[in-house]
>>> print(open('entry-v4.json').read())   # JSON, C-alpha atoms
[["chain", "number", "residue", "atom", "x", "y", "z"],
["T", 12, "MET", "CA", 79.45, -82.35, 80.86],
["T", 13, "LYS", "CA", 81.56, -80.35, 78.42],
["T", 14, "ASN", "CA", 79.19, -81.21, 75.53],
["T", 15, "ARG", "CA", 76.17, -80.18, 77.59],
["T", 16, "PHE", "CA", 77.77, -76.81, 78.41],
["T", 17, "LEU", "CA", 78.63, -76.30, 74.73],
["T", 18, "LEU", "CA", 75.05, -77.10, 73.69],
["T", 19, "ILE", "CA", 73.59, -74.65, 76.23],
["T", 20, "PHE", "CA", 76.07, -71.97, 75.15],
["T", 21, "MET", "CA", 75.16, -72.48, 71.45],
["T", 22, "ILE", "CA", 71.43, -72.23, 72.23],
["T", 23, "PHE", "CA", 72.09, -69.03, 74.20],
["T", 24, "LEU", "CA", 74.02, -67.51, 71.28],
["T", 25, "LEU", "CA", 71.32, -68.51, 68.82],
["T", 26, "CYS", "CA", 68.64, -66.87, 71.00],
["T", 27, "LEU", "CA", 70.67, -63.67, 71.26],
["T", 28, "THR", "CA", 71.25, -63.60, 67.53],
["T", 29, "LEU", "CA", 67.63, -64.22, 66.57],
["T", 30, "SER", "CA", 66.01, -61.98, 69.18],
["T", 31, "GLY", "CA", 66.74, -58.85, 67.16],
["T", 32, "CYS", "CA", 65.21, -60.31, 64.00],
["T", 33, "ALA", "CA", 61.66, -60.79, 65.26],
["T", 34, "ALA", "CA", 59.10, -58.02, 64.99],
["T", 35, "GLN", "CA", 57.43, -57.14, 68.25],
["T", 36, "PRO", "CA", 53.64, -57.58, 68.06],
["T", 37, "GLY", "CA", 51.61, -54.47, 68.65],
["T", 38, "THR", "CA", 54.29, -51.97, 67.63],
["T", 39, "PRO", "CA", 53.10, -48.95, 65.65],
["T", 40, "THR", "CA", 55.12, -50.03, 62.62],
["T", 41, "GLY", "CA", 56.70, -53.29, 61.69],
["T", 42, "GLU", "CA", 56.11, -56.76, 60.43],
["T", 43, "ASP", "CA", 53.47, -58.96, 61.97],
["T", 44, "VAL", "CA", 51.01, -61.72, 61.15],
["T", 45, "ARG", "CA", 47.58, -60.60, 60.03],
["T", 46, "TYR", "CA", 44.90, -63.15, 60.87],
["T", 47, "THR", "CA", 41.78, -63.03, 58.73],
["T", 48, "LEU", "CA", 38.76, -65.08, 59.78],
["T", 49, "TYR", "CA", 35.98, -65.92, 57.34],
["T", 50, "ILE", "CA", 32.92, -66.86, 59.38],
["T", 51, "GLY", "CA", 29.92, -68.27, 57.55],
["T", 52, "LEU", "CA", 26.53, -67.47, 59.02],
["T", 53, "ASN", "CA", 24.50, -70.51, 58.01],
["T", 54, "ASP", "CA", 23.74, -72.86, 60.89],
["T", 55, "LYS", "CA", 25.62, -76.16, 60.47],
["T", 56, "ASN", "CA", 22.49, -78.25, 61.10],
["T", 57, "THR", "CA", 19.88, -76.39, 59.04],
["T", 58, "TYR", "CA", 22.09, -74.86, 56.28],
["T", 59, "THR", "CA", 20.14, -71.62, 56.81],
["T", 60, "GLN", "CA", 20.98, -68.36, 58.54],
["T", 61, "LEU", "CA", 19.17, -68.30, 61.89],
["T", 62, "LEU", "CA", 20.64, -65.04, 63.25],
["T", 63, "SER", "CA", 20.59, -61.74, 61.43],
["T", 64, "THR", "CA", 23.97, -60.61, 60.12],
["T", 65, "GLU", "CA", 23.92, -57.71, 62.57],
["T", 66, "ASP", "CA", 23.21, -59.98, 65.57],
["T", 67, "ALA", "CA", 25.93, -62.41, 64.51],
["T", 68, "ALA", "CA", 28.42, -59.54, 64.07],
["T", 69, "ASN", "CA", 27.58, -58.24, 67.55],
["T", 70, "LYS", "CA", 28.15, -61.69, 69.07],
["T", 71, "VAL", "CA", 31.49, -62.14, 67.29],
["T", 72, "THR", "CA", 32.53, -58.60, 68.26],
["T", 73, "ASP", "CA", 31.85, -59.31, 71.95],
["T", 74, "ILE", "CA", 33.85, -62.56, 71.76],
["T", 75, "ALA", "CA", 36.75, -61.01, 69.81],
["T", 76, "LEU", "CA", 37.17, -58.11, 72.22],
["T", 77, "LYS", "CA", 37.69, -60.57, 75.09],
["T", 78, "TYR", "CA", 40.92, -61.73, 73.42],
["T", 79, "ALA", "CA", 42.09, -58.94, 71.09],
["T", 80, "ASP", "CA", 42.49, -55.18, 71.41],
["T", 81, "GLY", "CA", 40.85, -54.45, 68.07],
["T", 82, "PHE", "CA", 39.99, -55.66, 64.59],
["T", 83, "THR", "CA", 38.51, -54.69, 61.25],
["T", 84, "GLN", "CA", 35.14, -56.24, 60.42],
["T", 85, "LEU", "CA", 33.74, -56.63, 56.91],
["T", 86, "SER", "CA", 30.74, -58.45, 55.48],
["T", 87, "GLY", "CA", 30.80, -60.77, 52.51],
["T", 88, "LYS", "CA", 28.99, -63.51, 50.66],
["T", 89, "GLY", "CA", 30.31, -66.96, 49.97],
["T", 90, "ALA", "CA", 29.32, -70.29, 48.50],
["T", 91, "TYR", "CA", 30.47, -73.86, 48.96],
["T", 92, "LYS", "CA", 29.71, -77.33, 47.71],
["T", 93, "ASP", "CA", 29.24, -79.95, 50.41],
["T", 94, "GLU", "CA", 30.23, -83.62, 50.31],
["T", 95, "LYS", "CA", 26.90, -84.46, 48.56],
["T", 96, "GLY", "CA", 27.48, -81.85, 45.85],
["T", 97, "VAL", "CA", 24.85, -79.46, 47.22],
["T", 98, "ILE", "CA", 25.79, -75.83, 46.57],
["T", 99, "THR", "CA", 25.01, -73.49, 49.44],
["T", 100, "HIS", "CA", 25.24, -69.69, 49.44],
["T", 101, "GLU", "CA", 25.69, -67.79, 52.67],
["T", 102, "ASN", "CA", 26.51, -64.45, 54.20],
["T", 103, "CYS", "CA", 29.79, -64.26, 56.04],
["T", 104, "LEU", "CA", 31.66, -62.04, 58.44],
["T", 105, "ILE", "CA", 35.31, -61.23, 57.81],
["T", 106, "PHE", "CA", 37.44, -60.21, 60.80],
["T", 107, "GLU", "CA", 41.05, -59.04, 60.43],
["T", 108, "PHE", "CA", 43.39, -58.94, 63.43],
["T", 109, "TYR", "CA", 46.82, -57.34, 63.92],
["T", 110, "GLY", "CA", 48.89, -57.54, 67.09],
["T", 111, "THR", "CA", 47.38, -60.83, 68.17],
["T", 112, "ASN", "CA", 48.83, -64.30, 68.35],
["T", 113, "GLU", "CA", 47.58, -67.69, 67.26],
["T", 114, "GLU", "CA", 46.46, -68.63, 70.78],
["T", 115, "GLN", "CA", 44.21, -65.55, 71.01],
["T", 116, "VAL", "CA", 42.75, -66.14, 67.55],
["T", 117, "LYS", "CA", 42.03, -69.82, 68.28],
["T", 118, "ALA", "CA", 40.27, -68.83, 71.51],
["T", 119, "ILE", "CA", 38.07, -66.47, 69.48],
["T", 120, "MET", "CA", 37.33, -69.18, 66.92],
["T", 121, "ASP", "CA", 36.51, -71.79, 69.59],
["T", 122, "GLU", "CA", 33.85, -69.52, 71.10],
["T", 123, "VAL", "CA", 32.48, -68.39, 67.73],
["T", 124, "LEU", "CA", 32.15, -72.00, 66.53],
["T", 125, "GLN", "CA", 29.93, -72.73, 69.53],
["T", 126, "GLU", "CA", 28.01, -69.44, 69.55],
["T", 127, "LEU", "CA", 27.10, -69.52, 65.84],
["T", 128, "ASN", "CA", 26.84, -73.34, 65.56],
["T", 129, "GLN", "CA", 29.47, -73.62, 62.82],
["T", 130, "ASN", "CA", 31.43, -76.63, 61.53],
["T", 131, "SER", "CA", 34.54, -74.57, 60.82],
["T", 132, "ILE", "CA", 35.98, -71.12, 60.28],
["T", 133, "LEU", "CA", 38.43, -70.35, 57.48],
["T", 134, "ILE", "CA", 41.56, -68.66, 58.82],
["T", 135, "GLU", "CA", 44.14, -66.94, 56.67],
["T", 136, "LYS", "CA", 47.56, -66.08, 58.13],
["T", 137, "GLN", "CA", 49.77, -63.66, 56.26],
["T", 138, "THR", "CA", 52.97, -61.91, 57.27],
["T", 139, "VAL", "CA", 52.55, -58.24, 56.42],
["T", 140, "ASN", "CA", 54.34, -54.94, 56.89],
["T", 141, "TYR", "CA", 52.19, -52.22, 58.38],
["T", 142, "GLU", "CA", 52.34, -48.67, 59.67],
["T", 143, "PHE", "CA", 49.95, -46.47, 61.63],
["T", 144, "TYR", "CA", 50.32, -43.21, 59.69],
["T", 145, "ALA", "CA", 49.73, -40.12, 61.83],
["T", 146, "GLY", "CA", 50.35, -37.45, 59.20],
["T", 147, "ALA", "CA", 53.39, -35.48, 58.06],
["T", 148, "LYS", "CA", 55.61, -34.15, 60.82],
["T", 149, "PRO", "CA", 56.01, -30.33, 60.83]]
>>> encode(input="entry-v4.json", output="structure tokens")
Amino acid sequence: MKNRFLLIFMIFLLCLTLSGCAAQPGTPTGEDVRYTLYIGLNDKNTYTQLLSTEDAANKVTDIALKYADGFTQLSGKGAYKDEKGVITHENCLIFEFYGTNEEQVKAIMDEVLQELNQNSILIEKQTVNYEFYAGAKP
């Protein structure tokens, strides 16, 4: 009983100590994880792009806004070599998220995988410092 109480007390102290060290997601300044998704636009079955880039971006935007408050969207081009050595070039969408968590991002990816008929989405996670600059204070 005494050891159990000691263990609970130590966990409580550890939680108190560490709670001040974590950045709060969604704060105007701080440290957070930036999630960057690289979404290829070629259909996984045909290796060709079936939707226009604009239509695909609109679909991903609608999905993303169900789970996140905002994002930055960019367009890119990529290439990959498949297991048979075939090189494929494709357009891609790049979505960057701040103030979200892994559960939200995975929900976005699950829907996008189905909607765009993709095998996978590349996700990059990076801890970053950020600030929403509102100009010099008078």
>>> closest_residue(input="entry-v4.json", among="T:Tyr141, T:Asn53, T:Glu65, T:Lys70", to="T:Glu126", atoms="only C-alpha atoms")
T:Lys70
>>> residues_near_point(input="entry-v4.json", point="(53.4, -52.1, 59.3)", cutoff="6 Å", atoms="only C-alpha atoms", output="PyMOL selection string")
chain T and resi 40-42+140-142
>>> closest_residue(input="entry-v4.json", among="T:Ile119, T:Val97, T:Leu85, T:Ile132", to="T:Gly51", atoms="all atoms listed in the file")
T:Ile132
>>> closest_residue(input="entry-v4.json", among="T:Ile134, T:Leu62, T:Ile105, T:Gly146", to="T:Met120", atoms="all atoms listed in the file")
T:Ile134
>>> axis_aligned_box(input="entry-v4.json", around="stretch 103-111 of chain T", padding_each_side="3 Å", output="JSON")
{"center_x": 39.3, "center_y": -60.8, "center_z": 62.1, "size_x": 25.1, "size_y": 12.9, "size_z": 18.1}
>>> closest_residue(input="entry-v4.json", among="T:Tyr46, T:Tyr78, T:Tyr58, T:Phe143", to="T:Glu101", atoms="all atoms listed in the file")
T:Tyr58
>>> residues_around(input="entry-v4.json", residues="T:Glu122", least_positions_apart="2", cutoff="12 Å", atoms="only C-alpha atoms", output="JSON, numbers by chain")
{"T": [70, 71, 72, 73, 74, 75, 76, 77, 78, 115, 116, 117, 118, 119, 120, 124, 125, 126, 127, 128, 129, 131, 132]}
>>> write_last_selection(input="entry-v4.json", atoms="C-alpha atoms", output="mmCIF file, in the coordinates of the input")
data_model
loop_
_atom_site.group_PDB
_atom_site.id
_atom_site.type_symbol
_atom_site.label_atom_id
_atom_site.label_comp_id
_atom_site.auth_asym_id
_atom_site.auth_seq_id
_atom_site.Cartn_x
_atom_site.Cartn_y
_atom_site.Cartn_z
ATOM 1 C CA LYS T 70 28.150 -61.690 69.070
ATOM 2 C CA VAL T 71 31.490 -62.140 67.290
ATOM 3 C CA THR T 72 32.530 -58.600 68.260
ATOM 4 C CA ASP T 73 31.850 -59.310 71.950
ATOM 5 C CA ILE T 74 33.850 -62.560 71.760
ATOM 6 C CA ALA T 75 36.750 -61.010 69.810
ATOM 7 C CA LEU T 76 37.170 -58.110 72.220
ATOM 8 C CA LYS T 77 37.690 -60.570 75.090
ATOM 9 C CA TYR T 78 40.920 -61.730 73.420
ATOM 10 C CA GLN T 115 44.210 -65.550 71.010
ATOM 11 C CA VAL T 116 42.750 -66.140 67.550
ATOM 12 C CA LYS T 117 42.030 -69.820 68.280
ATOM 13 C CA ALA T 118 40.270 -68.830 71.510
ATOM 14 C CA ILE T 119 38.070 -66.470 69.480
ATOM 15 C CA MET T 120 37.330 -69.180 66.920
ATOM 16 C CA LEU T 124 32.150 -72.000 66.530
ATOM 17 C CA GLN T 125 29.930 -72.730 69.530
ATOM 18 C CA GLU T 126 28.010 -69.440 69.550
ATOM 19 C CA LEU T 127 27.100 -69.520 65.840
ATOM 20 C CA ASN T 128 26.840 -73.340 65.560
ATOM 21 C CA GLN T 129 29.470 -73.620 62.820
ATOM 22 C CA SER T 131 34.540 -74.570 60.820
ATOM 23 C CA ILE T 132 35.980 -71.120 60.280
#
>>> atom_distance(input="entry-v4.json", atom1="atom CA of T:Leu48", atom2="atom CA of T:Thr111")
12.8 Å
>>> atom_distance(input="entry-v4.json", atom1="atom CA of T:Glu135", atom2="atom CA of T:Leu104")
13.5 Å
>>> build_atoms(input="entry-v4.json", residues="stretch 110-144 of chain T", atoms="N, CA and C atoms", output="PDB file, in the coordinates of the input")
ATOM      1  N   GLY T 110      48.433 -57.626  65.707  1.00  0.00           N
ATOM      2  CA  GLY T 110      48.890 -57.540  67.090  1.00  0.00           C
ATOM      3  C   GLY T 110      48.314 -58.611  67.985  1.00  0.00           C
ATOM      4  N   THR T 111      47.868 -59.694  67.392  1.00  0.00           N
ATOM      5  CA  THR T 111      47.380 -60.830  68.170  1.00  0.00           C
ATOM      6  C   THR T 111      48.250 -62.033  67.862  1.00  0.00           C
ATOM      7  N   ASN T 112      48.081 -63.079  68.629  1.00  0.00           N
ATOM      8  CA  ASN T 112      48.830 -64.300  68.350  1.00  0.00           C
ATOM      9  C   ASN T 112      47.852 -65.439  68.061  1.00  0.00           C
ATOM     10  N   GLU T 113      48.418 -66.559  67.672  1.00  0.00           N
ATOM     11  CA  GLU T 113      47.580 -67.690  67.260  1.00  0.00           C
ATOM     12  C   GLU T 113      46.708 -68.198  68.412  1.00  0.00           C
ATOM     13  N   GLU T 114      47.234 -68.164  69.622  1.00  0.00           N
ATOM     14  CA  GLU T 114      46.460 -68.630  70.780  1.00  0.00           C
ATOM     15  C   GLU T 114      45.210 -67.767  70.978  1.00  0.00           C
ATOM     16  N   GLN T 115      45.358 -66.447  70.861  1.00  0.00           N
ATOM     17  CA  GLN T 115      44.210 -65.550  71.010  1.00  0.00           C
ATOM     18  C   GLN T 115      43.181 -65.804  69.907  1.00  0.00           C
ATOM     19  N   VAL T 116      43.654 -65.955  68.675  1.00  0.00           N
ATOM     20  CA  VAL T 116      42.750 -66.140  67.550  1.00  0.00           C
ATOM     21  C   VAL T 116      42.009 -67.474  67.670  1.00  0.00           C
ATOM     22  N   LYS T 117      42.701 -68.525  68.104  1.00  0.00           N
ATOM     23  CA  LYS T 117      42.030 -69.820  68.280  1.00  0.00           C
ATOM     24  C   LYS T 117      40.999 -69.765  69.400  1.00  0.00           C
ATOM     25  N   ALA T 118      41.262 -68.991  70.443  1.00  0.00           N
ATOM     26  CA  ALA T 118      40.270 -68.830  71.510  1.00  0.00           C
ATOM     27  C   ALA T 118      39.013 -68.148  70.965  1.00  0.00           C
ATOM     28  N   ILE T 119      39.216 -67.143  70.134  1.00  0.00           N
ATOM     29  CA  ILE T 119      38.070 -66.470  69.480  1.00  0.00           C
ATOM     30  C   ILE T 119      37.295 -67.481  68.646  1.00  0.00           C
ATOM     31  N   MET T 120      38.013 -68.236  67.807  1.00  0.00           N
ATOM     32  CA  MET T 120      37.330 -69.180  66.920  1.00  0.00           C
ATOM     33  C   MET T 120      36.592 -70.266  67.705  1.00  0.00           C
ATOM     34  N   ASP T 121      37.183 -70.758  68.785  1.00  0.00           N
ATOM     35  CA  ASP T 121      36.510 -71.790  69.590  1.00  0.00           C
ATOM     36  C   ASP T 121      35.161 -71.297  70.099  1.00  0.00           C
ATOM     37  N   GLU T 122      35.119 -70.070  70.593  1.00  0.00           N
ATOM     38  CA  GLU T 122      33.850 -69.520  71.100  1.00  0.00           C
ATOM     39  C   GLU T 122      32.866 -69.240  69.975  1.00  0.00           C
ATOM     40  N   VAL T 123      33.367 -68.718  68.854  1.00  0.00           N
ATOM     41  CA  VAL T 123      32.480 -68.390  67.730  1.00  0.00           C
ATOM     42  C   VAL T 123      31.875 -69.673  67.141  1.00  0.00           C
ATOM     43  N   LEU T 124      32.672 -70.725  67.039  1.00  0.00           N
ATOM     44  CA  LEU T 124      32.150 -72.000  66.530  1.00  0.00           C
ATOM     45  C   LEU T 124      30.944 -72.452  67.334  1.00  0.00           C
ATOM     46  N   GLN T 125      31.029 -72.329  68.657  1.00  0.00           N
ATOM     47  CA  GLN T 125      29.930 -72.730  69.530  1.00  0.00           C
ATOM     48  C   GLN T 125      28.745 -71.750  69.416  1.00  0.00           C
ATOM     49  N   GLU T 126      29.058 -70.471  69.508  1.00  0.00           N
ATOM     50  CA  GLU T 126      28.010 -69.440  69.550  1.00  0.00           C
ATOM     51  C   GLU T 126      27.168 -69.409  68.272  1.00  0.00           C
ATOM     52  N   LEU T 127      27.819 -69.588  67.117  1.00  0.00           N
ATOM     53  CA  LEU T 127      27.100 -69.520  65.840  1.00  0.00           C
ATOM     54  C   LEU T 127      26.787 -70.893  65.257  1.00  0.00           C
ATOM     55  N   ASN T 128      27.100 -71.953  65.992  1.00  0.00           N
ATOM     56  CA  ASN T 128      26.840 -73.340  65.560  1.00  0.00           C
ATOM     57  C   ASN T 128      27.421 -73.615  64.171  1.00  0.00           C
ATOM     58  N   GLN T 129      28.745 -73.448  64.075  1.00  0.00           N
ATOM     59  CA  GLN T 129      29.470 -73.620  62.820  1.00  0.00           C
ATOM     60  C   GLN T 129      30.300 -74.906  62.836  1.00  0.00           C
ATOM     61  N   ASN T 130      30.515 -75.491  61.652  1.00  0.00           N
ATOM     62  CA  ASN T 130      31.430 -76.630  61.530  1.00  0.00           C
ATOM     63  C   ASN T 130      32.882 -76.174  61.573  1.00  0.00           C
ATOM     64  N   SER T 131      33.160 -75.053  60.911  1.00  0.00           N
ATOM     65  CA  SER T 131      34.540 -74.570  60.820  1.00  0.00           C
ATOM     66  C   SER T 131      34.549 -73.096  60.479  1.00  0.00           C
ATOM     67  N   ILE T 132      35.732 -72.514  60.655  1.00  0.00           N
ATOM     68  CA  ILE T 132      35.980 -71.120  60.280  1.00  0.00           C
ATOM     69  C   ILE T 132      37.251 -71.135  59.433  1.00  0.00           C
ATOM     70  N   LEU T 133      37.225 -70.461  58.307  1.00  0.00           N
ATOM     71  CA  LEU T 133      38.430 -70.350  57.480  1.00  0.00           C
ATOM     72  C   LEU T 133      39.322 -69.275  58.087  1.00  0.00           C
ATOM     73  N   ILE T 134      40.595 -69.626  58.289  1.00  0.00           N
ATOM     74  CA  ILE T 134      41.560 -68.660  58.820  1.00  0.00           C
ATOM     75  C   ILE T 134      42.683 -68.503  57.806  1.00  0.00           C
ATOM     76  N   GLU T 135      43.026 -67.268  57.555  1.00  0.00           N
ATOM     77  CA  GLU T 135      44.140 -66.940  56.670  1.00  0.00           C
ATOM     78  C   GLU T 135      45.198 -66.238  57.515  1.00  0.00           C
ATOM     79  N   LYS T 136      46.442 -66.687  57.404  1.00  0.00           N
ATOM     80  CA  LYS T 136      47.560 -66.080  58.130  1.00  0.00           C
ATOM     81  C   LYS T 136      48.529 -65.541  57.096  1.00  0.00           C
ATOM     82  N   GLN T 137      48.874 -64.273  57.229  1.00  0.00           N
ATOM     83  CA  GLN T 137      49.770 -63.660  56.260  1.00  0.00           C
ATOM     84  C   GLN T 137      50.711 -62.701  56.972  1.00  0.00           C
ATOM     85  N   THR T 138      52.002 -62.845  56.722  1.00  0.00           N
ATOM     86  CA  THR T 138      52.970 -61.910  57.270  1.00  0.00           C
ATOM     87  C   THR T 138      52.918 -60.642  56.439  1.00  0.00           C
ATOM     88  N   VAL T 139      52.718 -59.522  57.117  1.00  0.00           N
ATOM     89  CA  VAL T 139      52.550 -58.240  56.420  1.00  0.00           C
ATOM     90  C   VAL T 139      53.397 -57.173  57.095  1.00  0.00           C
ATOM     91  N   ASN T 140      53.734 -56.153  56.346  1.00  0.00           N
ATOM     92  CA  ASN T 140      54.340 -54.940  56.890  1.00  0.00           C
ATOM     93  C   ASN T 140      53.213 -53.928  57.052  1.00  0.00           C
ATOM     94  N   TYR T 141      53.251 -53.181  58.148  1.00  0.00           N
ATOM     95  CA  TYR T 141      52.190 -52.220  58.380  1.00  0.00           C
ATOM     96  C   TYR T 141      52.754 -50.987  59.077  1.00  0.00           C
ATOM     97  N   GLU T 142      51.962 -49.915  59.033  1.00  0.00           N
ATOM     98  CA  GLU T 142      52.340 -48.670  59.670  1.00  0.00           C
ATOM     99  C   GLU T 142      51.062 -47.933  60.046  1.00  0.00           C
ATOM    100  N   PHE T 143      51.038 -47.361  61.239  1.00  0.00           N
ATOM    101  CA  PHE T 143      49.950 -46.470  61.630  1.00  0.00           C
ATOM    102  C   PHE T 143      50.411 -45.055  61.274  1.00  0.00           C
ATOM    103  N   TYR T 144      49.907 -44.527  60.188  1.00  0.00           N
ATOM    104  CA  TYR T 144      50.320 -43.210  59.690  1.00  0.00           C
ATOM    105  C   TYR T 144      49.590 -42.137  60.467  1.00  0.00           C
TER     106      TYR T 144
END
